[in-house]
Every structure is written in C-alpha cells, then in structure tokens.
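First the structure, in the form of structure tokens, and then the observations on it.
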Amino acid sequence: MHDPQKDSLEFAGIKITHPARVISETGNITKGELAEYYAAVAPFLSRFVSRHLVSLLRCPTGIDSGDCFYQRNPGRGLGAHVHAFDFHHNSKNYQYLYIEDEKGLIETVQMGAIEFHPWGSAINAIDYPDRIIFDLDPAPDVPLEFLKLAAQDLRRRLKRKGLEARLQVTGGKGLHVIVPLAAKDKWPQVKSFAASVAGEMETDAPEAYITTMSKAKRAGRIFIDYFRNDHTATAIAGYSVRARSGAPVALPIEWRELKALESAAQFTMKQVLQRLKKKSQAGNDVKAQRLPAAS
C-alpha cells in the first residue's frame with residue numbers, strides 16, 4: 001500500500017494528485033514542483049490574472065507529450081473556484097472562465113494547466129483595458145541585441161508620449177513592453193493608439209520593424225505585434241510558466257536588467273523564487289495611466 005503522503009500534496013486547501021509525475025524531462029520537473037511554484041507566486045501572478053478572463057494551456061500528460069490544448073470555456077472538472085463569465089459581444093453570447101484567487105489557480109494546476117493567458121481587461125470593466133501590450137516578436141535570424149534595441153526604442157517613443165512602460169520576458173523568444181492603464185479608455189481607442197505607435201516604428205525603420213503578420217515578409221525584422229489589444233485577445237501573464245522544454249517563466253524584469261539578458265527564456269521556476277526572496281516585483285513602480293489626449 002502506498003504512503004498517502006507521497007500520493008498527493010496540498011496547497012491552499014486544494015489537493016494535488018500525482019505530485020511526483022514528471023511534466024518536463026528537461027530539468028526533471030514534477031507536477032508537485034509546478035504546484036509549489038504557483039502557490040508561491042500566486043500573489044504576484046494574481047496581479048495579472050485575477051478577475052480577468054483567461055485562456056489556460058493545459059498539458060495533462062506533461063509538457064513533452066504534445067497533448068497540450070487551450071481552454072477558455074468553463075467545463076467539468078476544473079474545480080469550484082474556477083468561475084464562468086457570460087460575455088455578450090456583437091450580438092453573440094459567449095461563456096469564458098476566470099479565477100479570483102489562489103484556490104482557483106491551484107485547482108487549474110491540479111487539472112494540468114501550465115500557462116495562463118489573461119485578457120487585457122477585468123470582468124467588472126470588460127470594455128476598458130488595464131494595459132497596452134506590445135509583443136516584440138523577432139524573426140529567427142534577428143540577434144537578441146537587436147531585440148533589446150527595439151525594446152529601448154519603443155520605451156523612448158512611449159515616454160515622449162507621456163507613458164511609462166514595464167518590461168517582460170515571454171519565456172519564449174520575444175519581449176513584451178507593457179503600459180499599465182487606469183481602465184478609463186475603451187478598447188478601440190487603445191488598439192488605435194497601439195497601432196499608431198507600431199506604425200511609427202515601421203515607418204521610421206522599415207528594414208528593422210514590421211507590423212503585419214505575414215511571415216513571408218518578416219525575415220530579418222521584428223514584428224511589432226499590437227493585435228493583442230482587443231476584446232478576446234490574450235497574452236502570457238507575468239510569472240506564468242511556459243509549456244516548453246525546461247518550463248521557462250514569463251517574467252517582469254527591470255529595464256536595467258535588459259543589457260545583461262541572455263535569453264527571453266532564461267528564467268527557471270527556481271530562479272524566479274530566488275529573485276522573489278531577494279526583492280519585490282519588477283515593474284511595481286509603474287503606475288496605471290491614461291492614453292495621451294489626441295493632438
């Protein structure tokens with residue numbers, strides 16, 4: 001008979017079954033370690049996910065299995081603390097899911113959730129985004145140093161418009177430049193503003209930047225993806241693990257850390273936990289803002 005202590009763990013009153021199951025061969029990372037990580041970062045992750053509609057990337061048989069799938073609609077088995085939200089848009093009705101607290105977060109992890117992709121607005125202000133996201137997505141042949149320069153360029157352009165931005169590595173190959181908003185401007189205005197900034201960059205340096213999704217034209221360029229600034233669009237949350245080899249983390253970092261950055265996927269769960277012991281969250285000092293008045 002198995003020792004029940006070894007068959008399950010408990011975080012926030014939620015039982016985690018099969019904690020010894022390996023979810024990433026690289027790093028030999030277990031389901032229990034993933035749950036322990038998410039329990040530790042819950043106060044930080046919640047800043048981006050709580051009461052926001054969210055798409056989950058679930059990998060019930062692990063990251064390496066290839067059996068991962070996105071889920072944004074509530075369904076059976078996700079737990080009592082995973083909630084449904086009815087969304088009415090363009091005369092159609094949709095039902096999406098959201099979580100409010102650590103219990104909901106851990107319930108989704110128990111069901112195999114690895115990644116958290118929230119909407120850009122809270123459920124109580126669904127038409128008013130609380131951030132602008134610029135996803136700097138480099139073509140495979142773009143050196144990391146060019147990506148760093150692009151992030152700095154975008155930061156300077158936003159500053160000239162009176163906006164402060166924070167920086168996030170995606171746990172993949174790109175960087176997110178994020179402007180926290182006060183949820184006072186509607187989606188169309190926010191998307192239009194983001195499009196105009198991205199368009200300025202492309203106009204000024206067409207050899208370096210592109211704003212269209214066409215992969216055929218992106219060689220040697222950085223795609224300034226502003227399309228995430230809209231209803232139903234999502235982006236990876238800060239402190240979310242990625243379902244990639246070694247389970248890297250999407251992490252807010254300080255601008256001063258950009259120079260020494262070696263990869264947008266360099267941070268492991270253990271490193272993130274060590275960082276949190278040493279200092280507060282990166283980007284905490286960036287206040288929510290309003291869009292600049294149209295000139």
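Residue names in the structure tokens use chain letters A, B, ... in the order shown, residue numbers from 1 in each chain, and ligand numbers from 1 in the order shown.
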Please provide the set of residues having any atom within 9 Å of A:Tyr38, restricted to only C-alpha atoms, with same-chain residues fewer than 6 positions apart removed, written as a count of residues only.
-> 8
Contacts of stretch 109-214 of chain A with stretch 222-227 of chain A up to 10 Å, shortest pair per row, only C-alpha atoms, as a tab-separated table:
```
residue	atom	partner	partner_atom	distance
A:Ile132	CA	A:Tyr226	CA	8.3
A:Ile133	CA	A:Tyr226	CA	6.6
A:Phe134	CA	A:Tyr226	CA	5.2
A:Asp135	CA	A:Asp225	CA	4.9
A:Leu136	CA	A:Ile224	CA	5.1
A:Asp137	CA	A:Phe223	CA	5.0
A:Pro138	CA	A:Ile222	CA	4.2
A:Ala139	CA	A:Ile222	CA	6.0
A:Pro140	CA	A:Ile222	CA	9.5
A:Asp141	CA	A:Ile222	CA	9.8
A:Val142	CA	A:Ile222	CA	7.4
A:Phe146	CA	A:Ile222	CA	8.6
A:Leu147	CA	A:Ile222	CA	7.3
A:Ala150	CA	A:Ile222	CA	8.0
A:Leu154	CA	A:Ile224	CA	9.7
A:Gly174	CA	A:Ile222	CA	9.3
A:His176	CA	A:Asp225	CA	9.5
A:Val190	CA	A:Tyr226	CA	9.9
A:Lys191	CA	A:Tyr226	CA	7.3
A:Ser192	CA	A:Tyr226	CA	9.3
A:Phe193	CA	A:Tyr226	CA	9.4
A:Ala194	CA	A:Tyr226	CA	5.8
A:Ala195	CA	A:Tyr226	CA	6.1
A:Ser196	CA	A:Tyr226	CA	9.4
A:Val197	CA	A:Tyr226	CA	8.9
A:Ala198	CA	A:Ile224	CA	6.0
A:Gly199	CA	A:Ile224	CA	8.7
A:Met201	CA	A:Ile224	CA	8.4
A:Glu202	CA	A:Ile224	CA	8.3
A:Pro206	CA	A:Ile222	CA	9.9
A:Glu207	CA	A:Ile222	CA	9.3
A:Ala208	CA	A:Ile222	CA	6.2
A:Tyr209	CA	A:Ile222	CA	4.9
A:Ile210	CA	A:Phe223	CA	4.9
A:Thr211	CA	A:Ile224	CA	5.2
A:Thr212	CA	A:Phe223	CA	7.2
A:Met213	CA	A:Phe223	CA	7.4
A:Ser214	CA	A:Phe223	CA	9.3
```
Provide the atom CA of A:Glu254 to atom CA of A:Phe267 distance in Å, to one decimal place.
-> 13.7 Å
Please report as a Markdown table every residue of stretch 187-261 of chain A lying within 10 Å of stretch 63-83 of chain A, along with the nearest atom pair and their distance in Å (one decimal), using only C-alpha atoms.
```
| residue | atom | partner | partner_atom | distance |
| --- | --- | --- | --- | --- |
| A:Arg242 | CA | A:Ile63 | CA | 8.9 |
| A:Ala243 | CA | A:Ile63 | CA | 5.3 |
| A:Arg244 | CA | A:Ile63 | CA | 6.3 |
| A:Ser245 | CA | A:Ile63 | CA | 7.2 |
| A:Gly246 | CA | A:Ile63 | CA | 8.9 |
| A:Ala247 | CA | A:Ile63 | CA | 8.0 |
```
May I have the residues from that selection written out with all heavy atoms, as a short mmCIF file (atom, residue, chain, number, x, y, z; two decimals), in the first residue's frame?
```
data_model
loop_
_atom_site.label_atom_id
_atom_site.label_comp_id
_atom_site.auth_asym_id
_atom_site.auth_seq_id
_atom_site.Cartn_x
_atom_site.Cartn_y
_atom_site.Cartn_z
N ARG A 242 5.91 28.50 -18.92
CA ARG A 242 5.63 28.17 -20.31
C ARG A 242 5.73 26.66 -20.50
O ARG A 242 6.58 26.00 -19.91
CB ARG A 242 6.62 28.86 -21.26
CG ARG A 242 6.67 30.37 -21.17
CD ARG A 242 5.31 31.05 -21.29
NE ARG A 242 4.58 30.77 -22.50
CZ ARG A 242 4.60 31.51 -23.60
NH1 ARG A 242 5.35 32.59 -23.65
NH2 ARG A 242 3.85 31.19 -24.63
N ALA A 243 4.88 26.13 -21.37
CA ALA A 243 4.87 24.70 -21.65
C ALA A 243 5.93 24.38 -22.70
O ALA A 243 5.63 23.94 -23.81
CB ALA A 243 3.48 24.27 -22.12
N ARG A 244 7.16 24.65 -22.34
CA ARG A 244 8.30 24.43 -23.22
C ARG A 244 9.37 23.68 -22.44
O ARG A 244 9.34 23.65 -21.21
CB ARG A 244 8.85 25.77 -23.72
CG ARG A 244 7.78 26.55 -24.48
CD ARG A 244 8.24 27.91 -24.92
NE ARG A 244 7.11 28.61 -25.57
CZ ARG A 244 7.24 29.64 -26.36
NH1 ARG A 244 8.43 30.13 -26.62
NH2 ARG A 244 6.18 30.21 -26.89
N SER A 245 10.31 23.14 -23.17
CA SER A 245 11.35 22.34 -22.54
C SER A 245 12.02 23.12 -21.40
O SER A 245 12.46 24.25 -21.58
CB SER A 245 12.40 21.98 -23.60
OG SER A 245 13.43 21.23 -23.04
N GLY A 246 12.06 22.50 -20.22
CA GLY A 246 12.66 23.14 -19.06
C GLY A 246 11.72 24.05 -18.30
O GLY A 246 12.10 24.59 -17.26
N ALA A 247 10.51 24.24 -18.80
CA ALA A 247 9.48 25.06 -18.15
C ALA A 247 9.97 26.46 -17.79
O ALA A 247 9.96 26.87 -16.63
CB ALA A 247 8.94 24.34 -16.90
#
```
Determine, counting only C-alpha atoms, which protein, DNA and RNA residues have an atom within 9 Å of an atom of A:Lys161; residues of the same chain fewer than 5 positions away are not included. Present the result as a PDB file with C-alpha atoms, in the first residue's frame.
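Output file part24.pdb is given in full below:
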```pdb
ATOM      1  CA  ARG A 156      11.604  56.028 -25.582  1.00  0.00           C
ATOM      2  CA  LEU A 291      -3.870  57.440 -23.036  1.00  0.00           C
ATOM      3  CA  PRO A 292      -2.452  60.811 -24.048  1.00  0.00           C
TER       4      PRO A 292
END
```
Mind checking which residues fall within 10 Å of A:Leu167, counting only C-alpha atoms, ignoring those fewer than 2 positions away in the same chain, and posting them as a compact mmCIF listing (two decimals) with all heavy atoms, in the first residue's frame?
```txt
# COMPACT_ATOMS: atom_id res chain seq x y z
N ILE A 133 -0.30 46.10 -24.53
CA ILE A 133 0.83 45.18 -24.72
C ILE A 133 1.37 45.31 -26.14
O ILE A 133 0.62 45.25 -27.11
CB ILE A 133 0.41 43.72 -24.47
CG1 ILE A 133 0.25 43.48 -22.97
CG2 ILE A 133 1.43 42.74 -25.04
CD1 ILE A 133 0.19 42.04 -22.56
N PHE A 134 2.66 45.53 -26.21
CA PHE A 134 3.40 45.43 -27.47
C PHE A 134 4.25 44.18 -27.38
O PHE A 134 5.13 44.08 -26.51
CB PHE A 134 4.29 46.65 -27.69
CG PHE A 134 3.55 47.94 -27.85
CD1 PHE A 134 3.29 48.75 -26.75
CD2 PHE A 134 3.11 48.37 -29.10
CE1 PHE A 134 2.62 49.95 -26.88
CE2 PHE A 134 2.42 49.57 -29.24
CZ PHE A 134 2.17 50.36 -28.13
N ALA A 151 13.26 47.19 -27.93
CA ALA A 151 12.52 47.44 -26.68
C ALA A 151 12.84 48.83 -26.14
O ALA A 151 11.94 49.56 -25.70
CB ALA A 151 12.87 46.37 -25.65
N GLN A 152 14.12 49.21 -26.20
CA GLN A 152 14.52 50.54 -25.73
C GLN A 152 13.93 51.63 -26.62
O GLN A 152 13.49 52.68 -26.13
CB GLN A 152 16.05 50.64 -25.72
CG GLN A 152 16.73 49.75 -24.70
CD GLN A 152 16.64 50.30 -23.28
OE1 GLN A 152 15.85 51.19 -22.98
NE2 GLN A 152 17.47 49.76 -22.39
N ARG A 155 10.32 51.99 -25.74
CA ARG A 155 10.19 52.67 -24.44
C ARG A 155 10.36 54.18 -24.60
O ARG A 155 9.59 54.96 -24.02
CB ARG A 155 11.24 52.12 -23.47
CG ARG A 155 11.12 52.70 -22.07
CD ARG A 155 12.32 52.37 -21.21
NE ARG A 155 12.06 52.68 -19.82
CZ ARG A 155 13.01 52.77 -18.89
NH1 ARG A 155 14.29 52.56 -19.22
NH2 ARG A 155 12.71 53.04 -17.63
N ALA A 165 6.49 52.52 -19.34
CA ALA A 165 6.24 51.12 -19.69
C ALA A 165 7.09 50.21 -18.82
O ALA A 165 8.14 50.60 -18.31
CB ALA A 165 6.56 50.87 -21.17
N VAL A 169 10.00 39.46 -20.09
CA VAL A 169 10.45 38.39 -20.99
C VAL A 169 9.31 37.41 -21.11
O VAL A 169 8.54 37.20 -20.17
CB VAL A 169 11.74 37.69 -20.48
CG1 VAL A 169 12.90 38.67 -20.41
CG2 VAL A 169 11.52 37.02 -19.12
N THR A 170 9.17 36.80 -22.27
CA THR A 170 7.99 35.96 -22.53
C THR A 170 8.20 34.49 -22.18
O THR A 170 7.24 33.71 -22.20
CB THR A 170 7.60 36.03 -24.01
OG1 THR A 170 8.71 35.56 -24.81
CG2 THR A 170 7.25 37.46 -24.41
N LEU A 175 9.95 39.73 -26.35
CA LEU A 175 9.81 40.59 -25.19
C LEU A 175 8.46 41.30 -25.27
O LEU A 175 7.98 41.62 -26.36
CB LEU A 175 10.92 41.66 -25.17
CG LEU A 175 12.36 41.17 -25.03
CD1 LEU A 175 13.32 42.34 -25.24
CD2 LEU A 175 12.58 40.54 -23.65
N HIS A 176 7.87 41.55 -24.12
CA HIS A 176 6.66 42.36 -24.04
C HIS A 176 7.00 43.70 -23.41
O HIS A 176 7.66 43.75 -22.35
CB HIS A 176 5.58 41.68 -23.19
CG HIS A 176 4.90 40.55 -23.88
ND1 HIS A 176 3.97 39.75 -23.26
CD2 HIS A 176 5.00 40.09 -25.16
CE1 HIS A 176 3.53 38.83 -24.13
NE2 HIS A 176 4.14 39.03 -25.28
N VAL A 177 6.58 44.77 -24.06
CA VAL A 177 6.65 46.11 -23.47
C VAL A 177 5.20 46.48 -23.12
O VAL A 177 4.33 46.49 -23.99
CB VAL A 177 7.27 47.12 -24.45
CG1 VAL A 177 7.21 48.53 -23.87
CG2 VAL A 177 8.72 46.73 -24.75
N ILE A 178 4.96 46.72 -21.83
CA ILE A 178 3.59 46.82 -21.31
C ILE A 178 3.37 48.17 -20.64
O ILE A 178 4.16 48.60 -19.80
CB ILE A 178 3.32 45.68 -20.30
CG1 ILE A 178 3.58 44.32 -20.96
CG2 ILE A 178 1.91 45.77 -19.75
CD1 ILE A 178 3.62 43.15 -20.00
N VAL A 179 2.28 48.83 -21.02
CA VAL A 179 1.89 50.10 -20.40
C VAL A 179 0.68 49.84 -19.51
O VAL A 179 -0.40 49.54 -20.01
CB VAL A 179 1.52 51.15 -21.47
CG1 VAL A 179 1.08 52.45 -20.80
CG2 VAL A 179 2.68 51.39 -22.43
N GLY A 238 2.63 37.61 -16.63
CA GLY A 238 3.86 37.62 -15.86
C GLY A 238 3.80 36.56 -14.76
O GLY A 238 2.76 36.39 -14.12
N LEU A 251 8.45 36.55 -17.29
CA LEU A 251 8.77 37.27 -16.06
C LEU A 251 8.94 38.76 -16.27
O LEU A 251 9.69 39.19 -17.16
CB LEU A 251 10.07 36.70 -15.47
CG LEU A 251 10.51 37.25 -14.13
CD1 LEU A 251 9.56 36.81 -13.02
CD2 LEU A 251 11.93 36.81 -13.82
N PRO A 252 8.28 39.60 -15.46
CA PRO A 252 8.59 41.02 -15.47
C PRO A 252 10.02 41.23 -14.97
O PRO A 252 10.41 40.64 -13.95
CB PRO A 252 7.57 41.62 -14.47
CG PRO A 252 6.51 40.58 -14.32
CD PRO A 252 7.19 39.27 -14.51
N ILE A 253 10.78 42.05 -15.68
CA ILE A 253 12.14 42.38 -15.24
C ILE A 253 12.32 43.89 -15.27
O ILE A 253 11.53 44.61 -15.89
CB ILE A 253 13.22 41.70 -16.11
CG1 ILE A 253 13.18 42.20 -17.56
CG2 ILE A 253 13.10 40.17 -16.04
CD1 ILE A 253 14.36 41.72 -18.42
N GLU A 254 13.34 44.37 -14.59
CA GLU A 254 13.64 45.79 -14.59
C GLU A 254 14.32 46.16 -15.91
O GLU A 254 15.05 45.36 -16.49
CB GLU A 254 14.57 46.14 -13.42
CG GLU A 254 14.02 45.80 -12.05
CD GLU A 254 12.88 46.72 -11.62
OE1 GLU A 254 12.57 47.68 -12.34
OE2 GLU A 254 12.30 46.46 -10.54
N TRP A 255 14.13 47.39 -16.35
CA TRP A 255 14.77 47.84 -17.59
C TRP A 255 16.30 47.74 -17.49
O TRP A 255 16.97 47.45 -18.46
CB TRP A 255 14.35 49.27 -17.92
CG TRP A 255 12.97 49.33 -18.52
CD1 TRP A 255 11.81 49.66 -17.88
CD2 TRP A 255 12.62 49.04 -19.88
NE1 TRP A 255 10.75 49.58 -18.76
CE2 TRP A 255 11.22 49.22 -19.99
CE3 TRP A 255 13.34 48.66 -21.01
CZ2 TRP A 255 10.53 49.02 -21.19
CZ3 TRP A 255 12.66 48.46 -22.21
CH2 TRP A 255 11.28 48.64 -22.29
N ARG A 256 16.82 47.97 -16.30
CA ARG A 256 18.29 47.92 -16.15
C ARG A 256 18.84 46.50 -16.33
O ARG A 256 20.03 46.32 -16.52
CB ARG A 256 18.70 48.48 -14.79
CG ARG A 256 18.23 47.67 -13.59
CD ARG A 256 18.79 48.22 -12.29
NE ARG A 256 18.30 47.47 -11.15
CZ ARG A 256 17.20 47.75 -10.47
NH1 ARG A 256 16.48 48.80 -10.81
NH2 ARG A 256 16.82 47.01 -9.45
N GLU A 257 17.97 45.50 -16.27
CA GLU A 257 18.40 44.12 -16.47
C GLU A 257 18.50 43.73 -17.94
O GLU A 257 19.01 42.67 -18.27
CB GLU A 257 17.44 43.16 -15.76
CG GLU A 257 17.39 43.29 -14.25
CD GLU A 257 16.42 42.30 -13.63
OE1 GLU A 257 15.23 42.62 -13.51
OE2 GLU A 257 16.87 41.18 -13.29
N LEU A 258 17.98 44.58 -18.81
CA LEU A 258 17.90 44.24 -20.23
C LEU A 258 19.28 44.03 -20.85
O LEU A 258 19.48 43.09 -21.63
CB LEU A 258 17.13 45.33 -20.98
CG LEU A 258 16.88 45.10 -22.47
CD1 LEU A 258 16.07 43.84 -22.69
CD2 LEU A 258 16.17 46.30 -23.08
N ALA A 282 9.39 43.23 -10.11
CA ALA A 282 9.84 44.20 -11.10
C ALA A 282 8.63 44.94 -11.67
O ALA A 282 7.54 44.37 -11.81
CB ALA A 282 10.59 43.49 -12.22
N GLY A 283 8.83 46.20 -11.99
CA GLY A 283 7.76 46.97 -12.63
C GLY A 283 6.69 47.46 -11.69
O GLY A 283 5.70 48.07 -12.10
```
Near A:Lys15, within 9 Å and counting only C-alpha atoms, which residues show up once chain neighbours fewer than 5 positions away are dropped, as number ranges by chain?
-> A: 8-10, 106-107, 110
Alpha helix (DSSP H) positions in stretch 103-218 of chain A, given as a PyMOL selection string | chain A and resi 103-110+144-160+187-204
Pull the strand (DSSP E or B) assignments for stretch 19-137 of chain A out of DSSP run on the backbone, and list those residues as an MDAnalysis selection string.
-> chainID A and resid 22:24 29:30 52:58 69:71 82:89 92:99 113:122 131:137
